[in-house]
Amino acid sequence: MTRALNFNAGPAALPEEVLLQAQKQLLNFNDTGMSVMELSHRSKDYEEVHNGAQAQLRNLLQISNEYEILFIQGGASLQFSMVPMNLLTEGKVGSYVLTGSWSEKALKEAKKVGATSILASTKEENYKSIPQLNLDNLEANAAYLHVTSNNTIYGTQWQSYPDVSVPLIADMSSDILSKSLNINQFGLIYAGAQKNLGPSGVTVVIVKKDLLHTTVDHLPTMLNYQTYSQNNSLYNTPPTFAIYLLKLTLDWVESQGGISAIEQKNNEKAKILYGVIDESNGFYSGHANQNSRSNMNVTFTLPNEESTKEFLTLAKENGFVGLNGHRSVGGCRASIYNAVPVEHVIQLAEFMKKYRQKG
Ligand SMILES: *Cc1c(COP(=O)(O)O)cnc(C)c1O
């Protein structure tokens, strides 16, 4: 069996070792005679998986005890609502930086909850870059500043994060665990798992404990962060199999040498593809400005619609999966998350070079 050359944007490639381990344990986890899916979420065996996933994430990202790690369902999209519901209290403003469709969606949900403002936006230039911020414009009564750390659709990524006096909230769905982070810069980080952390079905929320002190008793139980923090994300049945795969994926990251080794590999992969684009004499043209390029999603176009179509058809015939750009940007996109092997990226680079020479 050959594995696909998977460049999907999400759900995306998982490490082969993780899938093999899951396969090995599928019918009999830890000599229980049951699959992880069949265990009670109150059992000791499951508890080890659940707490183990939290502990491994804490270890990999060096998350201090000032932060809680929560497992929530509903995707990153539910966090667009939960963040303002829990943190955008009366008399405050939720401040947003718009860098793409996902930040627009986050803002749209916040508007339903309370007052909002836009600190900066690059919408006018079709989100080709991450904007410069003028922090003097941040309202004194801002509840938080919300950023999207990697813009999956446009292929841009924050290279460093602003130092702000209010809690910094980041949607890290498509770049969490791809590079080292100083967690202490953030009030809250959220990430749907299906790009870099595991399968869909679980969303990781890393939140500073002191932000949870705000009383928001009026909220529905399942939309209140305190429900998750007070019950170790076990108030109701969590997505146990997704959390199990998350745990295996985190263990895989450790086995690769941890975040610094992963980061190095990600830099290497991105350099290969951007190198092909930059050395193509304009045949391939990157969507993102160079100083805002994403190491996770490489977006590019070809000279015209016709060549784009032919390139994508030939790529598909040659076993490459998921290279179509998002419908709102067009062109091509190669998503090269942690689990995409360097060898696959090299094969894509060779294919791109060959296509250009032919074309
Ligand atoms: C994929 C993605 C989302 C949406 O995630 P869901 O889990 O499908 O809700 C949100 N933000 C970013 C940055 C993403 O890449």
# chains A, B, ... in the order shown; residues from 1 in each chain; ligands from 1
$ residues_near_ligand --ligand "ligand 1" --cutoff "10 Å" --atoms "only C-alpha atoms and all ligand atoms" --output "ChimeraX atom specification"
/A:9-11,73-80,99-103,105-106,147-153,157,170-176,190-196,199-203,297
$ residues_around --residues "Gln357 (chain A)" --least-positions-apart "5" --cutoff "12 Å" --atoms "only C-alpha atoms" --output "PyMOL selection string"
chain A and resi 276+280-281+283-284+350-352
$ write_last_selection --atoms "N, CA and C atoms" --output "compact mmCIF listing (two decimals), in the first residue's frame"
# COMPACT_ATOMS: atom_id res chain seq x y z
N VAL A 276 11.26 27.19 -5.01
CA VAL A 276 10.79 26.88 -6.38
C VAL A 276 10.00 28.07 -6.94
N SER A 280 11.37 30.78 -10.16
CA SER A 280 10.64 30.38 -11.37
C SER A 280 10.47 31.53 -12.36
N ASN A 281 11.18 32.63 -12.13
CA ASN A 281 11.06 33.77 -13.04
C ASN A 281 9.63 34.26 -13.19
N PHE A 283 6.95 32.47 -13.08
CA PHE A 283 5.99 31.45 -13.58
C PHE A 283 5.03 31.07 -12.45
N TYR A 284 5.62 30.79 -11.28
CA TYR A 284 4.81 30.63 -10.07
C TYR A 284 4.87 31.94 -9.30
N GLU A 350 9.96 18.97 -7.14
CA GLU A 350 10.46 18.42 -8.42
C GLU A 350 9.38 18.49 -9.48
N PHE A 351 8.17 18.16 -9.07
CA PHE A 351 7.03 18.17 -10.01
C PHE A 351 6.78 19.59 -10.51
N MET A 352 6.86 20.56 -9.61
CA MET A 352 6.63 21.96 -10.01
C MET A 352 7.70 22.44 -10.98
$ residues_around --residues "Phe241 (chain A)" --least-positions-apart "5" --cutoff "12 Å" --atoms "only C-alpha atoms" --output "list in words"
Ala22, Gln25, Leu26, Phe29, Ser35, Val36, Met37, Glu38, Leu39, Ser40, His41, Tyr46, Val49, His50, Ala53, Gly198, Pro199, Ser200, Gly201, Val202, Leu246, Lys247 and Leu248 of chain A
$ closest_atom_pairs --of "region 61-170 of chain A" --to "region 256-273 of chain A" --cutoff "12 Å" --atoms "only C-alpha atoms" --output "JSON lines"
{"residue": "A:Leu61", "atom": "CA", "partner": "A:Ile259", "partner_atom": "CA", "distance": 7.5}
{"residue": "A:Gln62", "atom": "CA", "partner": "A:Ile259", "partner_atom": "CA", "distance": 10.2}
{"residue": "A:Gly155", "atom": "CA", "partner": "A:Ala270", "partner_atom": "CA", "distance": 11.3}
$ write_last_selection --atoms "all heavy atoms" --output "PDB file, in the first residue's frame"
ATOM      1  N   LEU A  61       4.934  22.488  24.856  1.00  0.00           N
ATOM      2  CA  LEU A  61       4.840  23.944  24.683  1.00  0.00           C
ATOM      3  C   LEU A  61       5.253  24.711  25.944  1.00  0.00           C
ATOM      4  O   LEU A  61       5.112  25.926  26.005  1.00  0.00           O
ATOM      5  CB  LEU A  61       3.421  24.348  24.267  1.00  0.00           C
ATOM      6  CG  LEU A  61       3.006  24.000  22.830  1.00  0.00           C
ATOM      7  CD1 LEU A  61       1.546  24.357  22.588  1.00  0.00           C
ATOM      8  CD2 LEU A  61       3.883  24.734  21.822  1.00  0.00           C
ATOM      9  N   GLN A  62       5.731  23.984  26.928  1.00  0.00           N
ATOM     10  CA  GLN A  62       6.148  24.599  28.197  1.00  0.00           C
ATOM     11  C   GLN A  62       5.078  25.535  28.747  1.00  0.00           C
ATOM     12  O   GLN A  62       5.286  26.732  28.942  1.00  0.00           O
ATOM     13  CB  GLN A  62       7.472  25.336  28.009  1.00  0.00           C
ATOM     14  CG  GLN A  62       8.603  24.355  27.739  1.00  0.00           C
ATOM     15  CD  GLN A  62       9.889  25.040  27.334  1.00  0.00           C
ATOM     16  OE1 GLN A  62      10.138  26.174  27.693  1.00  0.00           O
ATOM     17  NE2 GLN A  62      10.721  24.342  26.594  1.00  0.00           N
ATOM     18  N   GLY A 155      -2.498  31.943   3.200  1.00  0.00           N
ATOM     19  CA  GLY A 155      -1.087  31.556   3.297  1.00  0.00           C
ATOM     20  C   GLY A 155      -0.203  32.622   3.908  1.00  0.00           C
ATOM     21  O   GLY A 155       0.943  32.816   3.492  1.00  0.00           O
TER      22      GLY A 155
END
$ residues_around --residues "Ser64 (chain A)" --least-positions-apart "2" --cutoff "12 Å" --atoms "only C-alpha atoms" --output "PDB file with N, CA, C and O atoms, in the first residue's frame"
ATOM      1  N   GLN A  54      -3.005  16.161  27.971  1.00  0.00           N
ATOM      2  CA  GLN A  54      -2.780  17.495  28.560  1.00  0.00           C
ATOM      3  C   GLN A  54      -1.327  17.650  29.001  1.00  0.00           C
ATOM      4  O   GLN A  54      -0.687  18.669  28.742  1.00  0.00           O
ATOM      5  N   ALA A  55      -0.812  16.610  29.664  1.00  0.00           N
ATOM      6  CA  ALA A  55       0.554  16.696  30.201  1.00  0.00           C
ATOM      7  C   ALA A  55       1.580  16.801  29.074  1.00  0.00           C
ATOM      8  O   ALA A  55       2.551  17.560  29.176  1.00  0.00           O
ATOM      9  N   LEU A  57       1.088  18.039  26.060  1.00  0.00           N
ATOM     10  CA  LEU A  57       0.998  19.375  25.454  1.00  0.00           C
ATOM     11  C   LEU A  57       1.697  20.405  26.339  1.00  0.00           C
ATOM     12  O   LEU A  57       2.429  21.276  25.871  1.00  0.00           O
ATOM     13  N   ARG A  58       1.470  20.262  27.651  1.00  0.00           N
ATOM     14  CA  ARG A  58       2.127  21.152  28.618  1.00  0.00           C
ATOM     15  C   ARG A  58       3.649  21.054  28.496  1.00  0.00           C
ATOM     16  O   ARG A  58       4.358  22.053  28.477  1.00  0.00           O
ATOM     17  N   ASN A  59       4.112  19.828  28.364  1.00  0.00           N
ATOM     18  CA  ASN A  59       5.545  19.573  28.244  1.00  0.00           C
ATOM     19  C   ASN A  59       6.095  20.160  26.938  1.00  0.00           C
ATOM     20  O   ASN A  59       7.085  20.889  26.938  1.00  0.00           O
ATOM     21  N   LEU A  60       5.435  19.877  25.818  1.00  0.00           N
ATOM     22  CA  LEU A  60       5.971  20.307  24.512  1.00  0.00           C
ATOM     23  C   LEU A  60       5.996  21.824  24.381  1.00  0.00           C
ATOM     24  O   LEU A  60       6.941  22.389  23.841  1.00  0.00           O
ATOM     25  N   LEU A  61       4.934  22.488  24.856  1.00  0.00           N
ATOM     26  CA  LEU A  61       4.840  23.944  24.683  1.00  0.00           C
ATOM     27  C   LEU A  61       5.253  24.711  25.944  1.00  0.00           C
ATOM     28  O   LEU A  61       5.112  25.926  26.005  1.00  0.00           O
ATOM     29  N   GLN A  62       5.731  23.984  26.928  1.00  0.00           N
ATOM     30  CA  GLN A  62       6.148  24.599  28.197  1.00  0.00           C
ATOM     31  C   GLN A  62       5.078  25.535  28.747  1.00  0.00           C
ATOM     32  O   GLN A  62       5.286  26.732  28.942  1.00  0.00           O
ATOM     33  N   GLU A  66      -0.130  28.403  35.373  1.00  0.00           N
ATOM     34  CA  GLU A  66      -1.063  29.535  35.337  1.00  0.00           C
ATOM     35  C   GLU A  66      -2.113  29.359  34.253  1.00  0.00           C
ATOM     36  O   GLU A  66      -3.037  30.156  34.139  1.00  0.00           O
ATOM     37  N   TYR A  67      -1.915  28.315  33.435  1.00  0.00           N
ATOM     38  CA  TYR A  67      -2.837  28.081  32.305  1.00  0.00           C
ATOM     39  C   TYR A  67      -3.580  26.758  32.470  1.00  0.00           C
ATOM     40  O   TYR A  67      -3.018  25.778  32.961  1.00  0.00           O
ATOM     41  N   GLU A  68      -4.809  26.739  32.000  1.00  0.00           N
ATOM     42  CA  GLU A  68      -5.592  25.512  31.917  1.00  0.00           C
ATOM     43  C   GLU A  68      -5.555  25.017  30.477  1.00  0.00           C
ATOM     44  O   GLU A  68      -5.499  25.832  29.545  1.00  0.00           O
ATOM     45  N   ILE A  69      -5.609  23.703  30.311  1.00  0.00           N
ATOM     46  CA  ILE A  69      -5.761  23.135  28.970  1.00  0.00           C
ATOM     47  C   ILE A  69      -7.131  22.468  28.913  1.00  0.00           C
ATOM     48  O   ILE A  69      -7.411  21.561  29.708  1.00  0.00           O
ATOM     49  N   ASN A 182       6.026  31.497  23.043  1.00  0.00           N
ATOM     50  CA  ASN A 182       6.057  31.915  24.436  1.00  0.00           C
ATOM     51  C   ASN A 182       4.603  32.048  24.900  1.00  0.00           C
ATOM     52  O   ASN A 182       3.950  33.055  24.666  1.00  0.00           O
ATOM     53  N   ILE A 183       4.116  30.991  25.526  1.00  0.00           N
ATOM     54  CA  ILE A 183       2.698  30.937  25.907  1.00  0.00           C
ATOM     55  C   ILE A 183       2.327  32.129  26.784  1.00  0.00           C
ATOM     56  O   ILE A 183       1.199  32.625  26.732  1.00  0.00           O
ATOM     57  N   ASN A 184       3.302  32.605  27.582  1.00  0.00           N
ATOM     58  CA  ASN A 184       2.997  33.689  28.529  1.00  0.00           C
ATOM     59  C   ASN A 184       2.580  34.997  27.858  1.00  0.00           C
ATOM     60  O   ASN A 184       2.093  35.903  28.517  1.00  0.00           O
ATOM     61  N   GLN A 185       2.783  35.086  26.533  1.00  0.00           N
ATOM     62  CA  GLN A 185       2.326  36.270  25.803  1.00  0.00           C
ATOM     63  C   GLN A 185       0.815  36.281  25.619  1.00  0.00           C
ATOM     64  O   GLN A 185       0.260  37.294  25.220  1.00  0.00           O
ATOM     65  N   PHE A 186       0.171  35.134  25.859  1.00  0.00           N
ATOM     66  CA  PHE A 186      -1.231  34.995  25.472  1.00  0.00           C
ATOM     67  C   PHE A 186      -2.173  34.866  26.664  1.00  0.00           C
ATOM     68  O   PHE A 186      -1.805  34.329  27.704  1.00  0.00           O
ATOM     69  N   ILE A 206      -6.129  26.741  25.395  1.00  0.00           N
ATOM     70  CA  ILE A 206      -5.150  26.998  26.458  1.00  0.00           C
ATOM     71  C   ILE A 206      -5.495  28.376  27.008  1.00  0.00           C
ATOM     72  O   ILE A 206      -5.439  29.364  26.284  1.00  0.00           O
ATOM     73  N   VAL A 207      -5.890  28.438  28.265  1.00  0.00           N
ATOM     74  CA  VAL A 207      -6.388  29.718  28.781  1.00  0.00           C
ATOM     75  C   VAL A 207      -5.769  30.040  30.134  1.00  0.00           C
ATOM     76  O   VAL A 207      -5.597  29.157  30.993  1.00  0.00           O
ATOM     77  N   LYS A 208      -5.443  31.289  30.295  1.00  0.00           N
ATOM     78  CA  LYS A 208      -4.866  31.751  31.552  1.00  0.00           C
ATOM     79  C   LYS A 208      -5.942  31.681  32.624  1.00  0.00           C
ATOM     80  O   LYS A 208      -7.063  32.170  32.430  1.00  0.00           O
ATOM     81  N   LYS A 209      -5.593  31.088  33.753  1.00  0.00           N
ATOM     82  CA  LYS A 209      -6.595  30.856  34.800  1.00  0.00           C
ATOM     83  C   LYS A 209      -7.265  32.136  35.263  1.00  0.00           C
ATOM     84  O   LYS A 209      -8.474  32.145  35.539  1.00  0.00           O
TER      85      LYS A 209
END
$ select_by_dssp --residues "region 158-272 of chain A" --states "strand (DSSP E)" --output "list of chain:residue names"
A:Leu168, A:Ile169, A:Ala170, A:Asp171, A:Leu188, A:Ile189, A:Tyr190, A:Ala191, A:Gly192, A:Thr203, A:Val204, A:Val205, A:Ile206, A:Val207, A:Lys208
$ closest_residue --among "A:Ile243, A:Val205, A:Tyr154, A:Arg293" --to "Gly331 (chain A)" --atoms "only C-alpha atoms"
A:Tyr154
$ select_by_dssp --residues "region 284-356 of chain A" --states "alpha helix (DSSP H)" --output "list in words"
Glu305, Glu306, Ser307, Thr308, Lys309, Glu310, Phe311, Leu312, Thr313, Leu314, Ala315, Lys316, Glu317, Val342, Glu343, His344, Val345, Ile346, Gln347, Leu348, Ala349, Glu350, Phe351, Met352, Lys353, Lys354, Tyr355 and Arg356 of chain A
$ write_last_selection --atoms "N, CA and C atoms" --output "PDB file, in the first residue's frame"
ATOM      1  N   GLU A 305      -5.406  30.860 -15.949  1.00  0.00           N
ATOM      2  CA  GLU A 305      -6.381  29.859 -15.523  1.00  0.00           C
ATOM      3  C   GLU A 305      -6.096  28.496 -16.162  1.00  0.00           C
ATOM      4  N   GLU A 306      -5.745  28.569 -17.441  1.00  0.00           N
ATOM      5  CA  GLU A 306      -5.544  27.339 -18.207  1.00  0.00           C
ATOM      6  C   GLU A 306      -4.400  26.507 -17.647  1.00  0.00           C
ATOM      7  N   SER A 307      -3.267  27.191 -17.400  1.00  0.00           N
ATOM      8  CA  SER A 307      -2.116  26.446 -16.891  1.00  0.00           C
ATOM      9  C   SER A 307      -2.395  25.966 -15.459  1.00  0.00           C
ATOM     10  N   THR A 308      -3.129  26.768 -14.684  1.00  0.00           N
ATOM     11  CA  THR A 308      -3.483  26.346 -13.328  1.00  0.00           C
ATOM     12  C   THR A 308      -4.272  25.037 -13.387  1.00  0.00           C
ATOM     13  N   LYS A 309      -5.235  25.021 -14.283  1.00  0.00           N
ATOM     14  CA  LYS A 309      -6.097  23.841 -14.416  1.00  0.00           C
ATOM     15  C   LYS A 309      -5.287  22.622 -14.846  1.00  0.00           C
ATOM     16  N   GLU A 310      -4.411  22.840 -15.821  1.00  0.00           N
ATOM     17  CA  GLU A 310      -3.604  21.728 -16.327  1.00  0.00           C
ATOM     18  C   GLU A 310      -2.637  21.230 -15.247  1.00  0.00           C
ATOM     19  N   PHE A 311      -2.045  22.193 -14.527  1.00  0.00           N
ATOM     20  CA  PHE A 311      -1.112  21.844 -13.446  1.00  0.00           C
ATOM     21  C   PHE A 311      -1.820  20.975 -12.396  1.00  0.00           C
ATOM     22  N   LEU A 312      -3.015  21.399 -12.013  1.00  0.00           N
ATOM     23  CA  LEU A 312      -3.744  20.670 -10.974  1.00  0.00           C
ATOM     24  C   LEU A 312      -4.172  19.280 -11.462  1.00  0.00           C
ATOM     25  N   THR A 313      -4.553  19.193 -12.725  1.00  0.00           N
ATOM     26  CA  THR A 313      -4.948  17.892 -13.285  1.00  0.00           C
ATOM     27  C   THR A 313      -3.754  16.941 -13.315  1.00  0.00           C
ATOM     28  N   LEU A 314      -2.618  17.453 -13.801  1.00  0.00           N
ATOM     29  CA  LEU A 314      -1.416  16.617 -13.865  1.00  0.00           C
ATOM     30  C   LEU A 314      -0.940  16.225 -12.463  1.00  0.00           C
ATOM     31  N   ALA A 315      -1.042  17.174 -11.542  1.00  0.00           N
ATOM     32  CA  ALA A 315      -0.626  16.883 -10.166  1.00  0.00           C
ATOM     33  C   ALA A 315      -1.453  15.733  -9.609  1.00  0.00           C
ATOM     34  N   LYS A 316      -2.730  15.802  -9.856  1.00  0.00           N
ATOM     35  CA  LYS A 316      -3.639  14.760  -9.369  1.00  0.00           C
ATOM     36  C   LYS A 316      -3.262  13.401  -9.973  1.00  0.00           C
ATOM     37  N   GLU A 317      -2.982  13.413 -11.283  1.00  0.00           N
ATOM     38  CA  GLU A 317      -2.594  12.170 -11.963  1.00  0.00           C
ATOM     39  C   GLU A 317      -1.309  11.600 -11.387  1.00  0.00           C
ATOM     40  N   VAL A 342       9.157  15.563   4.665  1.00  0.00           N
ATOM     41  CA  VAL A 342      10.031  16.358   3.788  1.00  0.00           C
ATOM     42  C   VAL A 342      10.089  15.721   2.397  1.00  0.00           C
ATOM     43  N   GLU A 343      10.135  14.386   2.339  1.00  0.00           N
ATOM     44  CA  GLU A 343      10.261  13.688   1.052  1.00  0.00           C
ATOM     45  C   GLU A 343       9.087  14.034   0.134  1.00  0.00           C
ATOM     46  N   HIS A 344       7.895  14.169   0.721  1.00  0.00           N
ATOM     47  CA  HIS A 344       6.731  14.508  -0.102  1.00  0.00           C
ATOM     48  C   HIS A 344       6.860  15.928  -0.653  1.00  0.00           C
ATOM     49  N   VAL A 345       7.405  16.802   0.164  1.00  0.00           N
ATOM     50  CA  VAL A 345       7.592  18.197  -0.261  1.00  0.00           C
ATOM     51  C   VAL A 345       8.632  18.252  -1.394  1.00  0.00           C
ATOM     52  N   ILE A 346       9.689  17.457  -1.254  1.00  0.00           N
ATOM     53  CA  ILE A 346      10.712  17.412  -2.318  1.00  0.00           C
ATOM     54  C   ILE A 346      10.089  16.908  -3.623  1.00  0.00           C
ATOM     55  N   GLN A 347       9.241  15.890  -3.514  1.00  0.00           N
ATOM     56  CA  GLN A 347       8.579  15.370  -4.724  1.00  0.00           C
ATOM     57  C   GLN A 347       7.714  16.437  -5.381  1.00  0.00           C
ATOM     58  N   LEU A 348       7.020  17.224  -4.553  1.00  0.00           N
ATOM     59  CA  LEU A 348       6.177  18.293  -5.111  1.00  0.00           C
ATOM     60  C   LEU A 348       7.049  19.355  -5.783  1.00  0.00           C
ATOM     61  N   ALA A 349       8.157  19.703  -5.130  1.00  0.00           N
ATOM     62  CA  ALA A 349       9.055  20.710  -5.700  1.00  0.00           C
ATOM     63  C   ALA A 349       9.573  20.248  -7.058  1.00  0.00           C
ATOM     64  N   GLU A 350       9.965  18.973  -7.143  1.00  0.00           N
ATOM     65  CA  GLU A 350      10.460  18.424  -8.416  1.00  0.00           C
ATOM     66  C   GLU A 350       9.376  18.491  -9.481  1.00  0.00           C
ATOM     67  N   PHE A 351       8.165  18.159  -9.069  1.00  0.00           N
ATOM     68  CA  PHE A 351       7.032  18.174 -10.006  1.00  0.00           C
ATOM     69  C   PHE A 351       6.783  19.595 -10.515  1.00  0.00           C
ATOM     70  N   MET A 352       6.857  20.560  -9.612  1.00  0.00           N
ATOM     71  CA  MET A 352       6.631  21.961 -10.010  1.00  0.00           C
ATOM     72  C   MET A 352       7.701  22.435 -10.980  1.00  0.00           C
ATOM     73  N   LYS A 353       8.943  22.052 -10.710  1.00  0.00           N
ATOM     74  CA  LYS A 353      10.044  22.458 -11.596  1.00  0.00           C
ATOM     75  C   LYS A 353       9.864  21.852 -12.984  1.00  0.00           C
ATOM     76  N   LYS A 354       9.510  20.575 -12.991  1.00  0.00           N
ATOM     77  CA  LYS A 354       9.327  19.870 -14.256  1.00  0.00           C
ATOM     78  C   LYS A 354       8.189  20.499 -15.057  1.00  0.00           C
ATOM     79  N   TYR A 355       7.107  20.815 -14.363  1.00  0.00           N
ATOM     80  CA  TYR A 355       5.953  21.391 -15.063  1.00  0.00           C
ATOM     81  C   TYR A 355       6.326  22.749 -15.674  1.00  0.00           C
ATOM     82  N   ARG A 356       7.103  23.513 -14.952  1.00  0.00           N
ATOM     83  CA  ARG A 356       7.500  24.827 -15.450  1.00  0.00           C
ATOM     84  C   ARG A 356       8.374  24.689 -16.690  1.00  0.00           C
TER      85      ARG A 356
END
$ residues_around --residues "Ser129 (chain A)" --least-positions-apart "4" --cutoff "7 Å" --atoms "only C-alpha atoms" --output "MDAnalysis selection string"
chainID A and resid 122 156 288:289 292
$ atom_distance --atom1 "CA of Pro162 (chain A)" --atom2 "CA of Thr89 (chain A)"
22.7 Å
$ atom_distance --atom1 "CA of Tyr228 (chain A)" --atom2 "CA of Phe71 (chain A)"
7.6 Å
